[in-house]
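Structure first, then comments.
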Amino acid sequence: MKKLFWLTVFCLCSNVFAQNNTQKYPLQVGFGLSGVAYVGDLTNSTTRFQRVNPGANLSLQLATPRLLDLQVNGGFGKFSEQVDDGGGVLEPANSFVETQFFYGDLRLKLRFLKEKNIQPYLSAGAGIIVFAPRDVNGKHLTRNQSTRNEEEKYNTAIPQLPVVVGWQMILNQTLMVSMDYTYRFTPTDYLDNIGQLGPRKGFDVLHALQISLYFTLNQGK
């Protein structure tokens, strides 16, 4: 699964540079740290923001003057959750989950006030996410068919659609810092390994707050 993730990131990077091979804009590399949470069958209105886990992100983009541009992202993280109050989860579904995930995506980034040092932005895109739900003992829940109805099978490598709102501040010619919120749509109800036996209808969602530091390379070349 990790090989699939890195192959996707490589293909997305190649796509960006192929579309911009006639330009001489410098490359910006961003490193981000995030706090990740999920919304699914094991969360409720009081616990969905209580358990936040760390994640990391790598971004590649060109430092262009355009209002709308491309950005490549790849990263990893995890989330964990458990039933605290019964939660409506039916036996024999798992009442605890810890899920590691890897993702890669290509986004369109729309910047506002691009002539200013502080620039709000919106971005949205598409890519893949690879996830691996585990139980309290660290065992893969995907392989434990007894935690789901007999006909419930799911893929652990799926599409994902990130939508981001944030702002970035230019510190100098080399450094830029940003802070943003990501709402990541996933077309699966099984990030937590729970589908038909859970109380919540619809797809599971990942969301995160992230702080990033960007370095601009090869200025003036």
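Identifiers for the structure tokens are assigned positionally: chains receive A, B, ... in sequence, residues are indexed from 1 per chain, and ligands are indexed from 1 in the order shown.
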
Please return, as a ChimeraX atom specification, all residues of region 32-206 of chain A that DSSP assigns to strand (DSSP E or B) on the basis of the backbone. /A:32-39,53-62,68-82,96-111,118-134,140,157-170,175-185,205-206

Separation of CA of Asp180 (chain A) from CA of Lys24 (chain A) in Å: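 For CA of Lys24 (chain A) relative to CA of Asp180 (chain A), the distance reads 27.8 Å.
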
For CA of Asn218 (chain A) and CA of Met169 (chain A), quote the distance in Å rounded to one decimal.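 CA of Met169 (chain A) lies 19.8 Å from CA of Asn218 (chain A).
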
Fewer than 2 positions away in the same chain doesn't count, so skip those; otherwise give me all residues within 6 Å of region 164-168 of chain A, counting only C-alpha atoms, as a compact mmCIF listing (two decimals) with N, CA, C and O atoms, in the first residue's frame.
# COMPACT_ATOMS: atom_id res chain seq x y z
N ILE A 118 0.02 38.86 3.31
CA ILE A 118 -0.92 37.89 3.89
C ILE A 118 -2.00 37.61 2.86
O ILE A 118 -2.71 38.52 2.42
N GLN A 119 -2.13 36.33 2.47
CA GLN A 119 -3.01 35.96 1.37
C GLN A 119 -3.96 34.83 1.80
O GLN A 119 -3.50 33.70 2.04
N PRO A 120 -5.26 35.09 1.91
CA PRO A 120 -6.21 33.99 2.11
C PRO A 120 -6.26 33.12 0.85
O PRO A 120 -5.97 33.59 -0.26
N TYR A 121 -6.63 31.86 1.03
CA TYR A 121 -6.73 30.98 -0.14
C TYR A 121 -7.75 29.87 0.09
O TYR A 121 -8.10 29.52 1.22
N LEU A 122 -8.20 29.35 -1.03
CA LEU A 122 -9.04 28.17 -1.07
C LEU A 122 -8.37 27.16 -2.00
O LEU A 122 -7.77 27.55 -3.01
N SER A 123 -8.49 25.90 -1.69
CA SER A 123 -7.99 24.89 -2.63
C SER A 123 -8.86 23.64 -2.54
O SER A 123 -9.49 23.36 -1.50
N VAL A 177 4.88 31.01 5.56
CA VAL A 177 4.19 30.17 6.53
C VAL A 177 2.70 30.17 6.20
O VAL A 177 2.17 31.16 5.67
N SER A 178 2.02 29.07 6.48
CA SER A 178 0.59 29.00 6.21
C SER A 178 -0.11 28.23 7.33
O SER A 178 0.49 27.41 8.03
N MET A 179 -1.40 28.51 7.47
CA MET A 179 -2.25 27.76 8.38
C MET A 179 -3.57 27.49 7.66
O MET A 179 -4.12 28.40 7.02
N ASP A 180 -4.07 26.25 7.73
CA ASP A 180 -5.30 25.95 7.02
C ASP A 180 -6.08 24.82 7.69
O ASP A 180 -5.58 24.13 8.59
N TYR A 181 -7.32 24.70 7.24
CA TYR A 181 -8.23 23.64 7.68
C TYR A 181 -8.60 22.80 6.47
O TYR A 181 -8.98 23.34 5.42
N THR A 182 -8.49 21.47 6.59
CA THR A 182 -8.80 20.55 5.50
C THR A 182 -9.98 19.67 5.88
O THR A 182 -9.98 19.06 6.95

Determine, using only C-alpha atoms, which residues of region 121-211 of chain A have any atom at most 12 Å from an atom of region 70-94 of chain A, and tabulate each with its shortest atom pair and distance in Å to one decimal place, rows ordered by chain and then rising number, as a Markdown table.
| residue | atom | partner | partner_atom | distance |
| --- | --- | --- | --- | --- |
| A:Leu122 | CA | A:Gln71 | CA | 11.7 |
| A:Ser123 | CA | A:Gln71 | CA | 8.9 |
| A:Ala124 | CA | A:Gln71 | CA | 9.7 |
| A:Gly125 | CA | A:Gln71 | CA | 9.0 |
| A:Ala126 | CA | A:Asn73 | CA | 10.2 |
| A:Gly127 | CA | A:Asn73 | CA | 9.1 |
| A:Ile128 | CA | A:Gly74 | CA | 9.7 |
| A:Ile129 | CA | A:Phe76 | CA | 9.2 |
| A:Val130 | CA | A:Phe76 | CA | 9.3 |
| A:Phe131 | CA | A:Lys78 | CA | 8.7 |
| A:Ala132 | CA | A:Lys78 | CA | 9.3 |
| A:Pro133 | CA | A:Ser80 | CA | 9.2 |
| A:Arg134 | CA | A:Ser80 | CA | 9.3 |
| A:Asp135 | CA | A:Asn94 | CA | 7.2 |
| A:Val136 | CA | A:Asn94 | CA | 9.1 |
| A:Asn137 | CA | A:Asn94 | CA | 11.6 |
| A:Gly138 | CA | A:Ser80 | CA | 11.6 |
| A:Lys139 | CA | A:Asn94 | CA | 11.7 |
| A:His140 | CA | A:Asn94 | CA | 11.4 |
| A:Leu141 | CA | A:Asn94 | CA | 8.3 |
| A:Thr142 | CA | A:Asn94 | CA | 11.2 |
| A:Asn144 | CA | A:Asn94 | CA | 9.9 |
| A:Gln145 | CA | A:Ala93 | CA | 9.8 |
| A:Ser146 | CA | A:Pro92 | CA | 7.0 |
| A:Thr147 | CA | A:Ala93 | CA | 4.5 |
| A:Arg148 | CA | A:Ala93 | CA | 6.0 |
| A:Asn149 | CA | A:Ala93 | CA | 8.8 |
| A:Glu150 | CA | A:Pro92 | CA | 11.6 |
| A:Glu152 | CA | A:Ala93 | CA | 11.7 |
| A:Pro162 | CA | A:Asn73 | CA | 10.4 |
| A:Val164 | CA | A:Gln71 | CA | 12.0 |
| A:Tyr190 | CA | A:Ala93 | CA | 11.5 |
| A:Leu191 | CA | A:Phe79 | CA | 9.6 |
| A:Asp192 | CA | A:Glu81 | CA | 8.4 |
| A:Asn193 | CA | A:Asn94 | CA | 7.6 |
| A:Ile194 | CA | A:Ala93 | CA | 6.5 |
| A:Gly195 | CA | A:Ala93 | CA | 8.9 |
| A:Gln196 | CA | A:Leu90 | CA | 9.0 |
| A:Leu197 | CA | A:Leu90 | CA | 5.2 |
| A:Gly198 | CA | A:Val89 | CA | 4.8 |
| A:Pro199 | CA | A:Gly88 | CA | 5.4 |
| A:Arg200 | CA | A:Gly88 | CA | 8.7 |
| A:Lys201 | CA | A:Gly88 | CA | 12.0 |
| A:Val205 | CA | A:Phe79 | CA | 11.2 |
| A:Leu206 | CA | A:Phe79 | CA | 8.7 |
| A:His207 | CA | A:Phe79 | CA | 10.2 |
| A:Ala208 | CA | A:Gly77 | CA | 10.0 |
| A:Gln210 | CA | A:Gly75 | CA | 11.7 |

Work out how far apart CA of Val52 (chain A) and CA of Lys109 (chain A) are and give it in Å to one decimal.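 Distance reported for this atom pair: 26.0 Å.
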
Which is closer to Asn53 (chain A) than all the others in A:Glu151, A:Asp105, A:Asp204, A:Glu98, using only C-alpha atoms?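 Checking each candidate against Asn53 (chain A), we get A:Glu98 as the closest.
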
Leaving out Phe203 (chain A) and any residue of its chain fewer than 5 positions from it, which residues lie within 6 Å of it when counting only C-alpha atoms, given as a list of chain:residue names?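 Final neighbour list, sorted by chain and number: A:Pro187, A:Thr188, A:Asp189.
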